[in-house]
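Asker: Can you read through this structure? Questions will come right after.
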Amino acid sequence: MKNHSVVNNMIACHQCDSLLPMPYLLEGQNALCGCCGAMLFSKKRDAINRTLAVAIAGLLFFLPAALLPIIGIGAAGLYNDASLVDCITLLIDSRNYVLAFAVFMFTIAIPVVRLITALYISWCIKFQKIKPSLLVFFRSYHLLDTWTMLHVFLLGVVVSMYKLSSMADMTIDGGLVSLILLLLCSTLVSVTIDQHNIWHELEKSLEQ
Ligand SMILES: [Zn+2]
């Protein structure tokens, strides 16, 4: 959510601090500040259904991304490949426990919990099953949003592939394709989720 605050149906502009009455928006419309023209918030089109679809797609790509080999390396007649889980297992075997824990948390646990949280929040709002516990889930989603490091891991894989490509034969396996699709879904959730509308729905239902 942007740095603006909402108090009793008023909204404060994050650019010029003007306090403005909260406008009612239709899907696809943007609310602009009357003083400085900054965008206060927008109401995204079909946000709940799109978030649900993207979160489900992301969760479907998770298992292949974790279990299928990411890259295969062939040299001197030998061939080896490794999946994301293999990377973590190898780090544990080599006693790099902190690194193994970090890879597990940032590439498996946090992205998956974040997708499940987005799915659960969207599902509850779609079917009007709003409970006070959803506030905890939504705050957790905000917290996890900054801790997903899938893109960093993917960048590491690409750099490794580039460096190894001159020394060995490289093959791209299904795990890498699934990982890219999972990263795409994980990023799309941030785009499709309408945080302003979710806060509004939660406040409206919990006040009743
Ligand atoms: Zn303003």
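Here's how to read the names in the structure tokens: chain A, B, ... by the order shown, residue numbers from 1 in each chain, ligand numbers from 1 in the order shown.
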I'd like the neighbourhood of A:Leu202 as an MDAnalysis selection string, where a residue qualifies if any of its atoms comes within 12 Å (using only C-alpha atoms), though same-chain residues fewer than 6 positions away should be ignored.

Answerer: chainID A and resid 121:122 124:126 128:139 195:196 208

Asker: List all protein, DNA and RNA residues that have an atom no more than 6 Å from any atom of ligand 1, counting only C-alpha atoms and all ligand atoms, and report them as a PDB file with C-alpha atoms, in the first residue's frame.

Answerer:
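Contents of selection-v4.pdb, freshly written:
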```pdb
ATOM      1  CA  CYS A  13      -2.241  12.524   0.076  1.00  0.00           C
ATOM      2  CA  GLN A  15       2.753  13.819  -1.654  1.00  0.00           C
ATOM      3  CA  CYS A  16       1.299  17.017  -0.193  1.00  0.00           C
ATOM      4  CA  SER A  18      -3.827  17.208   1.930  1.00  0.00           C
ATOM      5  CA  CYS A  33      -5.201  14.385  -5.332  1.00  0.00           C
ATOM      6  CA  CYS A  35      -4.201  19.741  -4.827  1.00  0.00           C
ATOM      7  CA  CYS A  36      -1.063  18.227  -6.390  1.00  0.00           C
ATOM      8  CA  GLY A  37      -2.469  15.665  -8.843  1.00  0.00           C
ATOM      9  CA  ALA A  38      -0.674  12.691  -7.250  1.00  0.00           C
TER      10      ALA A  38
END
```

Asker: For the strand (DSSP E) assignment from backbone DSSP, which residues of stretch 38-192 of chain A qualify? Please present them as a PDB file with all heavy atoms, in the first residue's frame.

Answerer:
```
ATOM      1  N   MET A  39      -1.409  10.402  -7.647  1.00  0.00           N
ATOM      2  CA  MET A  39      -2.421   9.339  -7.604  1.00  0.00           C
ATOM      3  C   MET A  39      -2.543   8.808  -6.174  1.00  0.00           C
ATOM      4  O   MET A  39      -1.544   8.399  -5.570  1.00  0.00           O
ATOM      5  CB  MET A  39      -2.062   8.206  -8.548  1.00  0.00           C
ATOM      6  CG  MET A  39      -3.243   7.282  -8.762  1.00  0.00           C
ATOM      7  SD  MET A  39      -3.026   6.113 -10.082  1.00  0.00           S
ATOM      8  CE  MET A  39      -2.293   4.771  -9.196  1.00  0.00           C
ATOM      9  N   LEU A  40      -3.759   8.846  -5.645  1.00  0.00           N
ATOM     10  CA  LEU A  40      -3.982   8.387  -4.270  1.00  0.00           C
ATOM     11  C   LEU A  40      -4.100   6.862  -4.239  1.00  0.00           C
ATOM     12  O   LEU A  40      -3.430   6.187  -3.474  1.00  0.00           O
ATOM     13  CB  LEU A  40      -5.245   9.022  -3.706  1.00  0.00           C
ATOM     14  CG  LEU A  40      -5.247  10.558  -3.634  1.00  0.00           C
ATOM     15  CD1 LEU A  40      -6.596  11.063  -3.194  1.00  0.00           C
ATOM     16  CD2 LEU A  40      -4.157  11.037  -2.679  1.00  0.00           C
ATOM     17  N   PHE A  41      -4.976   6.332  -5.081  1.00  0.00           N
ATOM     18  CA  PHE A  41      -5.117   4.880  -5.230  1.00  0.00           C
ATOM     19  C   PHE A  41      -5.946   4.612  -6.472  1.00  0.00           C
ATOM     20  O   PHE A  41      -6.539   5.530  -7.048  1.00  0.00           O
ATOM     21  CB  PHE A  41      -5.769   4.240  -3.986  1.00  0.00           C
ATOM     22  CG  PHE A  41      -7.187   4.654  -3.738  1.00  0.00           C
ATOM     23  CD1 PHE A  41      -8.244   3.877  -4.188  1.00  0.00           C
ATOM     24  CD2 PHE A  41      -7.471   5.821  -3.039  1.00  0.00           C
ATOM     25  CE1 PHE A  41      -9.556   4.254  -3.950  1.00  0.00           C
ATOM     26  CE2 PHE A  41      -8.784   6.202  -2.797  1.00  0.00           C
ATOM     27  CZ  PHE A  41      -9.828   5.409  -3.257  1.00  0.00           C
ATOM     28  N   SER A  42      -5.958   3.361  -6.892  1.00  0.00           N
ATOM     29  CA  SER A  42      -6.785   2.992  -8.047  1.00  0.00           C
ATOM     30  C   SER A  42      -7.583   1.752  -7.697  1.00  0.00           C
ATOM     31  O   SER A  42      -7.195   0.985  -6.812  1.00  0.00           O
ATOM     32  CB  SER A  42      -5.898   2.714  -9.268  1.00  0.00           C
ATOM     33  OG  SER A  42      -5.056   1.632  -8.985  1.00  0.00           O
ATOM     34  N   PRO A  69      14.770 -30.988 -11.937  1.00  0.00           N
ATOM     35  CA  PRO A  69      16.117 -30.428 -12.100  1.00  0.00           C
ATOM     36  C   PRO A  69      16.059 -29.038 -12.748  1.00  0.00           C
ATOM     37  O   PRO A  69      15.266 -28.810 -13.657  1.00  0.00           O
ATOM     38  CB  PRO A  69      16.804 -31.429 -13.034  1.00  0.00           C
ATOM     39  CG  PRO A  69      16.007 -32.658 -12.940  1.00  0.00           C
ATOM     40  CD  PRO A  69      14.598 -32.265 -12.634  1.00  0.00           C
ATOM     41  N   ILE A  70      16.902 -28.125 -12.236  1.00  0.00           N
ATOM     42  CA  ILE A  70      16.924 -26.756 -12.776  1.00  0.00           C
ATOM     43  C   ILE A  70      17.869 -26.692 -13.978  1.00  0.00           C
ATOM     44  O   ILE A  70      17.467 -26.259 -15.058  1.00  0.00           O
ATOM     45  CB  ILE A  70      17.343 -25.748 -11.673  1.00  0.00           C
ATOM     46  CG1 ILE A  70      16.253 -25.715 -10.592  1.00  0.00           C
ATOM     47  CG2 ILE A  70      17.560 -24.352 -12.249  1.00  0.00           C
ATOM     48  CD1 ILE A  70      16.610 -24.901  -9.375  1.00  0.00           C
ATOM     49  N   ILE A  71      19.096 -27.114 -13.773  1.00  0.00           N
ATOM     50  CA  ILE A  71      20.045 -27.179 -14.892  1.00  0.00           C
ATOM     51  C   ILE A  71      20.793 -28.511 -14.848  1.00  0.00           C
ATOM     52  O   ILE A  71      20.954 -29.113 -13.793  1.00  0.00           O
ATOM     53  CB  ILE A  71      21.075 -26.016 -14.892  1.00  0.00           C
ATOM     54  CG1 ILE A  71      21.730 -25.856 -13.519  1.00  0.00           C
ATOM     55  CG2 ILE A  71      20.464 -24.718 -15.342  1.00  0.00           C
ATOM     56  CD1 ILE A  71      22.879 -24.875 -13.498  1.00  0.00           C
ATOM     57  N   GLY A  72      21.223 -28.939 -16.018  1.00  0.00           N
ATOM     58  CA  GLY A  72      22.053 -30.141 -16.106  1.00  0.00           C
ATOM     59  C   GLY A  72      23.422 -29.738 -16.623  1.00  0.00           C
ATOM     60  O   GLY A  72      23.542 -28.859 -17.478  1.00  0.00           O
ATOM     61  N   ILE A  73      24.468 -30.363 -16.089  1.00  0.00           N
ATOM     62  CA  ILE A  73      25.841 -30.039 -16.498  1.00  0.00           C
ATOM     63  C   ILE A  73      26.518 -31.323 -16.981  1.00  0.00           C
ATOM     64  O   ILE A  73      26.535 -32.325 -16.267  1.00  0.00           O
ATOM     65  CB  ILE A  73      26.646 -29.438 -15.310  1.00  0.00           C
ATOM     66  CG1 ILE A  73      25.952 -28.176 -14.802  1.00  0.00           C
ATOM     67  CG2 ILE A  73      28.079 -29.130 -15.730  1.00  0.00           C
ATOM     68  CD1 ILE A  73      26.514 -27.671 -13.494  1.00  0.00           C
ATOM     69  N   GLY A  74      27.036 -31.267 -18.196  1.00  0.00           N
ATOM     70  CA  GLY A  74      27.748 -32.424 -18.743  1.00  0.00           C
ATOM     71  C   GLY A  74      29.186 -32.051 -19.070  1.00  0.00           C
ATOM     72  O   GLY A  74      29.425 -31.034 -19.720  1.00  0.00           O
ATOM     73  N   ALA A  75      30.148 -32.834 -18.606  1.00  0.00           N
ATOM     74  CA  ALA A  75      31.566 -32.594 -18.909  1.00  0.00           C
ATOM     75  C   ALA A  75      32.334 -33.896 -18.792  1.00  0.00           C
ATOM     76  O   ALA A  75      32.076 -34.681 -17.877  1.00  0.00           O
ATOM     77  CB  ALA A  75      32.147 -31.559 -17.941  1.00  0.00           C
ATOM     78  N   LEU A  78      30.584 -37.112 -18.165  1.00  0.00           N
ATOM     79  CA  LEU A  78      29.756 -37.222 -16.959  1.00  0.00           C
ATOM     80  C   LEU A  78      28.619 -36.197 -17.034  1.00  0.00           C
ATOM     81  O   LEU A  78      28.787 -35.112 -17.589  1.00  0.00           O
ATOM     82  CB  LEU A  78      30.584 -36.958 -15.694  1.00  0.00           C
ATOM     83  CG  LEU A  78      31.700 -37.976 -15.408  1.00  0.00           C
ATOM     84  CD1 LEU A  78      32.583 -37.455 -14.299  1.00  0.00           C
ATOM     85  CD2 LEU A  78      31.090 -39.327 -15.030  1.00  0.00           C
ATOM     86  N   TYR A  79      27.494 -36.554 -16.463  1.00  0.00           N
ATOM     87  CA  TYR A  79      26.353 -35.625 -16.481  1.00  0.00           C
ATOM     88  C   TYR A  79      25.740 -35.561 -15.085  1.00  0.00           C
ATOM     89  O   TYR A  79      25.604 -36.581 -14.415  1.00  0.00           O
ATOM     90  CB  TYR A  79      25.306 -36.107 -17.497  1.00  0.00           C
ATOM     91  CG  TYR A  79      24.079 -35.229 -17.547  1.00  0.00           C
ATOM     92  CD1 TYR A  79      24.088 -34.042 -18.279  1.00  0.00           C
ATOM     93  CD2 TYR A  79      22.920 -35.571 -16.849  1.00  0.00           C
ATOM     94  CE1 TYR A  79      22.985 -33.227 -18.309  1.00  0.00           C
ATOM     95  CE2 TYR A  79      21.807 -34.760 -16.883  1.00  0.00           C
ATOM     96  CZ  TYR A  79      21.837 -33.592 -17.611  1.00  0.00           C
ATOM     97  OH  TYR A  79      20.744 -32.779 -17.635  1.00  0.00           O
ATOM     98  N   ASN A  80      25.392 -34.354 -14.654  1.00  0.00           N
ATOM     99  CA  ASN A  80      24.759 -34.196 -13.344  1.00  0.00           C
ATOM    100  C   ASN A  80      23.716 -33.088 -13.433  1.00  0.00           C
ATOM    101  O   ASN A  80      23.890 -32.123 -14.167  1.00  0.00           O
ATOM    102  CB  ASN A  80      25.817 -33.834 -12.297  1.00  0.00           C
ATOM    103  CG  ASN A  80      25.406 -34.318 -10.931  1.00  0.00           C
ATOM    104  OD1 ASN A  80      24.240 -34.704 -10.726  1.00  0.00           O
ATOM    105  ND2 ASN A  80      26.321 -34.297  -9.988  1.00  0.00           N
ATOM    106  N   ASP A  81      22.651 -33.270 -12.706  1.00  0.00           N
ATOM    107  CA  ASP A  81      21.655 -32.193 -12.645  1.00  0.00           C
ATOM    108  C   ASP A  81      21.194 -32.020 -11.195  1.00  0.00           C
ATOM    109  O   ASP A  81      21.393 -32.909 -10.363  1.00  0.00           O
ATOM    110  CB  ASP A  81      20.465 -32.451 -13.582  1.00  0.00           C
ATOM    111  CG  ASP A  81      19.796 -33.772 -13.327  1.00  0.00           C
ATOM    112  OD1 ASP A  81      19.892 -34.274 -12.194  1.00  0.00           O
ATOM    113  OD2 ASP A  81      19.175 -34.318 -14.255  1.00  0.00           O
ATOM    114  N   ALA A  82      20.597 -30.856 -10.923  1.00  0.00           N
ATOM    115  CA  ALA A  82      20.197 -30.584  -9.533  1.00  0.00           C
ATOM    116  C   ALA A  82      18.915 -29.756  -9.511  1.00  0.00           C
ATOM    117  O   ALA A  82      18.725 -28.861 -10.341  1.00  0.00           O
ATOM    118  CB  ALA A  82      21.312 -29.836  -8.814  1.00  0.00           C
ATOM    119  N   SER A  83      18.068 -30.096  -8.568  1.00  0.00           N
ATOM    120  CA  SER A  83      16.836 -29.322  -8.364  1.00  0.00           C
ATOM    121  C   SER A  83      17.049 -28.375  -7.183  1.00  0.00           C
ATOM    122  O   SER A  83      18.086 -28.420  -6.522  1.00  0.00           O
ATOM    123  CB  SER A  83      15.669 -30.274  -8.079  1.00  0.00           C
ATOM    124  OG  SER A  83      15.883 -30.894  -6.831  1.00  0.00           O
ATOM    125  N   ASP A 169      28.884 -28.622 -20.906  1.00  0.00           N
ATOM    126  CA  ASP A 169      27.635 -28.557 -21.685  1.00  0.00           C
ATOM    127  C   ASP A 169      26.469 -28.333 -20.727  1.00  0.00           C
ATOM    128  O   ASP A 169      26.292 -29.093 -19.772  1.00  0.00           O
ATOM    129  CB  ASP A 169      27.419 -29.882 -22.438  1.00  0.00           C
ATOM    130  CG  ASP A 169      28.517 -30.099 -23.468  1.00  0.00           C
ATOM    131  OD1 ASP A 169      28.987 -29.098 -24.026  1.00  0.00           O
ATOM    132  OD2 ASP A 169      28.907 -31.274 -23.675  1.00  0.00           O
ATOM    133  N   MET A 170      25.693 -27.293 -20.995  1.00  0.00           N
ATOM    134  CA  MET A 170      24.584 -26.952 -20.099  1.00  0.00           C
ATOM    135  C   MET A 170      23.258 -27.313 -20.750  1.00  0.00           C
ATOM    136  O   MET A 170      23.077 -27.096 -21.940  1.00  0.00           O
ATOM    137  CB  MET A 170      24.566 -25.441 -19.823  1.00  0.00           C
ATOM    138  CG  MET A 170      25.866 -24.862 -19.329  1.00  0.00           C
ATOM    139  SD  MET A 170      26.220 -25.315 -17.649  1.00  0.00           S
ATOM    140  CE  MET A 170      24.825 -24.663 -16.827  1.00  0.00           C
ATOM    141  N   THR A 171      22.355 -27.843 -19.943  1.00  0.00           N
ATOM    142  CA  THR A 171      20.991 -28.058 -20.442  1.00  0.00           C
ATOM    143  C   THR A 171      20.003 -27.419 -19.459  1.00  0.00           C
ATOM    144  O   THR A 171      20.207 -27.471 -18.243  1.00  0.00           O
ATOM    145  CB  THR A 171      20.643 -29.564 -20.572  1.00  0.00           C
ATOM    146  OG1 THR A 171      20.928 -30.189 -19.326  1.00  0.00           O
ATOM    147  CG2 THR A 171      21.405 -30.236 -21.680  1.00  0.00           C
ATOM    148  N   ILE A 172      19.003 -26.799 -20.030  1.00  0.00           N
ATOM    149  CA  ILE A 172      17.968 -26.180 -19.191  1.00  0.00           C
ATOM    150  C   ILE A 172      16.875 -27.219 -18.971  1.00  0.00           C
ATOM    151  O   ILE A 172      16.353 -27.785 -19.929  1.00  0.00           O
ATOM    152  CB  ILE A 172      17.395 -24.927 -19.888  1.00  0.00           C
ATOM    153  CG1 ILE A 172      18.480 -23.857 -19.965  1.00  0.00           C
ATOM    154  CG2 ILE A 172      16.174 -24.401 -19.147  1.00  0.00           C
ATOM    155  CD1 ILE A 172      18.105 -22.669 -20.805  1.00  0.00           C
TER     156      ILE A 172
END
```

Asker: Going by DSSP on the backbone, which residues of stretch 52-142 of chain A come out as alpha helix (DSSP H)? List them as JSON, numbers by chain.

Answerer: {"A": [52, 53, 54, 55, 56, 57, 58, 59, 60, 61, 62, 63, 64, 65, 66, 67, 84, 85, 86, 87, 88, 89, 90, 91, 92, 93, 97, 98, 99, 100, 101, 102, 103, 104, 110, 111, 112, 113, 114, 115, 116, 117, 118, 119, 120, 121, 122, 123, 124, 125, 126, 133, 134, 135, 136, 137, 138, 139, 140, 141, 142]}

Asker: With distances taken over only C-alpha atoms, which residue among A:Ile180, A:Ala57, A:Leu164, A:Ile88 lies nearest A:Phe104?

Answerer: A:Ile88

Asker: Excluding stretch 107-117 of chain A and residues on its chain fewer than 3 positions from it, collect all residues at most 6 Å away from it, counting only C-alpha atoms, and give them as a PDB file with C-alpha atoms, in the first residue's frame.

Answerer:
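To be explicit, this is the file written out as part.pdb:
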```pdb
ATOM      1  CA  ALA A  55      -2.116 -17.477  -6.798  1.00  0.00           C
ATOM      2  CA  VAL A 103      17.677 -20.710   0.595  1.00  0.00           C
ATOM      3  CA  PHE A 104      14.776 -22.724   2.026  1.00  0.00           C
ATOM      4  CA  TYR A 120      -6.905 -17.292   1.243  1.00  0.00           C
ATOM      5  CA  TYR A 141       1.163 -10.742   3.326  1.00  0.00           C
ATOM      6  CA  THR A 148      10.517 -13.066  -1.420  1.00  0.00           C
ATOM      7  CA  LEU A 150      13.028 -15.895  -5.908  1.00  0.00           C
TER       8      LEU A 150
END
```

Asker: Measuring between only C-alpha atoms, which one of A:Leu19, A:Ile92, A:Leu143, A:Ala118 shows the shortest distance to A:Val54?

Answerer: A:Ala118

Asker: Report as a list in words all protein, DNA and RNA residues lying within 7 Å of stretch 51-53 of chain A, evaluated on only C-alpha atoms, omitting residues in the same chain fewer than 2 positions from it.

Answerer: Ala47, Ile48, Asn49, Ala55, Ile56, Ala57, Leu119, Ser122, Trp123, Val189, Thr192 and Ile193 of chain A

Asker: Could those residues be written to a file, using all heavy atoms, as a tab-separated table (two decimals), in the first residue's frame?

Answerer:
```
chain	number	residue	atom	x	y	z
A	47	ALA	N	-10.06	-7.56	-9.53
A	47	ALA	CA	-8.84	-7.86	-8.75
A	47	ALA	C	-8.92	-9.19	-8.01
A	47	ALA	O	-7.95	-9.96	-8.01
A	47	ALA	CB	-8.57	-6.73	-7.77
A	48	ILE	N	-10.06	-9.49	-7.39
A	48	ILE	CA	-10.17	-10.70	-6.56
A	48	ILE	C	-10.00	-11.96	-7.41
A	48	ILE	O	-9.21	-12.85	-7.08
A	48	ILE	CB	-11.53	-10.72	-5.81
A	48	ILE	CG1	-11.62	-9.53	-4.86
A	48	ILE	CG2	-11.74	-12.03	-5.08
A	48	ILE	CD1	-10.64	-9.56	-3.70
A	49	ASN	N	-10.74	-12.02	-8.55
A	49	ASN	CA	-10.66	-13.22	-9.40
A	49	ASN	C	-9.28	-13.38	-10.01
A	49	ASN	O	-8.75	-14.49	-10.11
A	49	ASN	CB	-11.71	-13.14	-10.52
A	49	ASN	CG	-13.10	-13.37	-9.97
A	49	ASN	OD1	-13.27	-14.11	-9.00
A	49	ASN	ND2	-14.09	-12.72	-10.56
A	55	ALA	N	-2.63	-16.77	-7.98
A	55	ALA	CA	-2.12	-17.48	-6.80
A	55	ALA	C	-2.23	-18.99	-6.99
A	55	ALA	O	-1.29	-19.74	-6.66
A	55	ALA	CB	-2.87	-17.04	-5.55
A	56	ILE	N	-3.34	-19.47	-7.55
A	56	ILE	CA	-3.50	-20.92	-7.80
A	56	ILE	C	-2.45	-21.38	-8.82
A	56	ILE	O	-1.79	-22.41	-8.63
A	56	ILE	CB	-4.93	-21.24	-8.29
A	56	ILE	CG1	-5.94	-21.02	-7.15
A	56	ILE	CG2	-5.03	-22.67	-8.81
A	56	ILE	CD1	-7.39	-21.06	-7.57
A	57	ALA	N	-2.28	-20.60	-9.90
A	57	ALA	CA	-1.29	-20.96	-10.93
A	57	ALA	C	0.11	-21.04	-10.30
A	57	ALA	O	0.87	-21.98	-10.56
A	57	ALA	CB	-1.31	-19.95	-12.07
A	119	LEU	N	-4.11	-16.17	-1.75
A	119	LEU	CA	-5.23	-17.02	-2.17
A	119	LEU	C	-6.33	-17.03	-1.11
A	119	LEU	O	-7.52	-16.86	-1.43
A	119	LEU	CB	-4.70	-18.45	-2.42
A	119	LEU	CG	-5.71	-19.52	-2.76
A	119	LEU	CD1	-6.24	-19.32	-4.17
A	119	LEU	CD2	-5.10	-20.90	-2.65
A	122	SER	N	-8.17	-13.58	-0.85
A	122	SER	CA	-9.04	-13.36	-2.02
A	122	SER	C	-10.27	-14.27	-1.94
A	122	SER	O	-11.39	-13.84	-2.24
A	122	SER	CB	-8.29	-13.65	-3.32
A	122	SER	OG	-7.12	-12.92	-3.36
A	123	TRP	N	-10.04	-15.52	-1.54
A	123	TRP	CA	-11.15	-16.49	-1.46
A	123	TRP	C	-12.17	-16.03	-0.40
A	123	TRP	O	-13.38	-16.07	-0.64
A	123	TRP	CB	-10.58	-17.87	-1.11
A	123	TRP	CG	-11.60	-18.96	-1.09
A	123	TRP	CD1	-12.08	-19.65	-2.17
A	123	TRP	CD2	-12.29	-19.48	0.05
A	123	TRP	NE1	-13.01	-20.56	-1.78
A	123	TRP	CE2	-13.17	-20.49	-0.42
A	123	TRP	CE3	-12.24	-19.20	1.41
A	123	TRP	CZ2	-13.99	-21.19	0.44
A	123	TRP	CZ3	-13.05	-19.91	2.26
A	123	TRP	CH2	-13.92	-20.90	1.78
A	189	VAL	N	0.99	-11.53	-8.62
A	189	VAL	CA	0.11	-11.38	-7.45
A	189	VAL	C	0.21	-9.96	-6.90
A	189	VAL	O	-0.80	-9.34	-6.55
A	189	VAL	CB	0.46	-12.43	-6.36
A	189	VAL	CG1	-0.13	-12.05	-5.01
A	189	VAL	CG2	-0.06	-13.79	-6.76
A	192	THR	N	-1.86	-7.80	-9.32
A	192	THR	CA	-3.32	-7.98	-9.38
A	192	THR	C	-4.02	-7.67	-8.05
A	192	THR	O	-5.16	-7.23	-8.05
A	192	THR	CB	-3.68	-9.43	-9.79
A	192	THR	OG1	-3.05	-10.32	-8.88
A	192	THR	CG2	-3.24	-9.74	-11.20
A	193	ILE	N	-3.32	-7.89	-6.94
A	193	ILE	CA	-3.99	-7.72	-5.64
A	193	ILE	C	-4.31	-6.23	-5.42
A	193	ILE	O	-3.46	-5.37	-5.63
A	193	ILE	CB	-3.14	-8.32	-4.49
A	193	ILE	CG1	-3.99	-8.63	-3.28
A	193	ILE	CG2	-1.96	-7.43	-4.11
A	193	ILE	CD1	-3.35	-9.58	-2.28
```

Asker: Using only C-alpha atoms, which residue out of A:Ala168, A:Leu176, A:Leu155, A:Leu184 lies closest to A:Leu67?

Answerer: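 The shortest atom-to-atom distance to A:Leu67 comes from A:Leu176.
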
Asker: Using only C-alpha atoms, find the one residue out of A:Gly175, A:Met161, A:Leu188, A:Leu183 that sits nearest to A:Asp86.

Answerer: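 Checking each of A:Gly175, A:Met161, A:Leu188, A:Leu183 against A:Asp86, counting only C-alpha atoms, the winner is A:Gly175.
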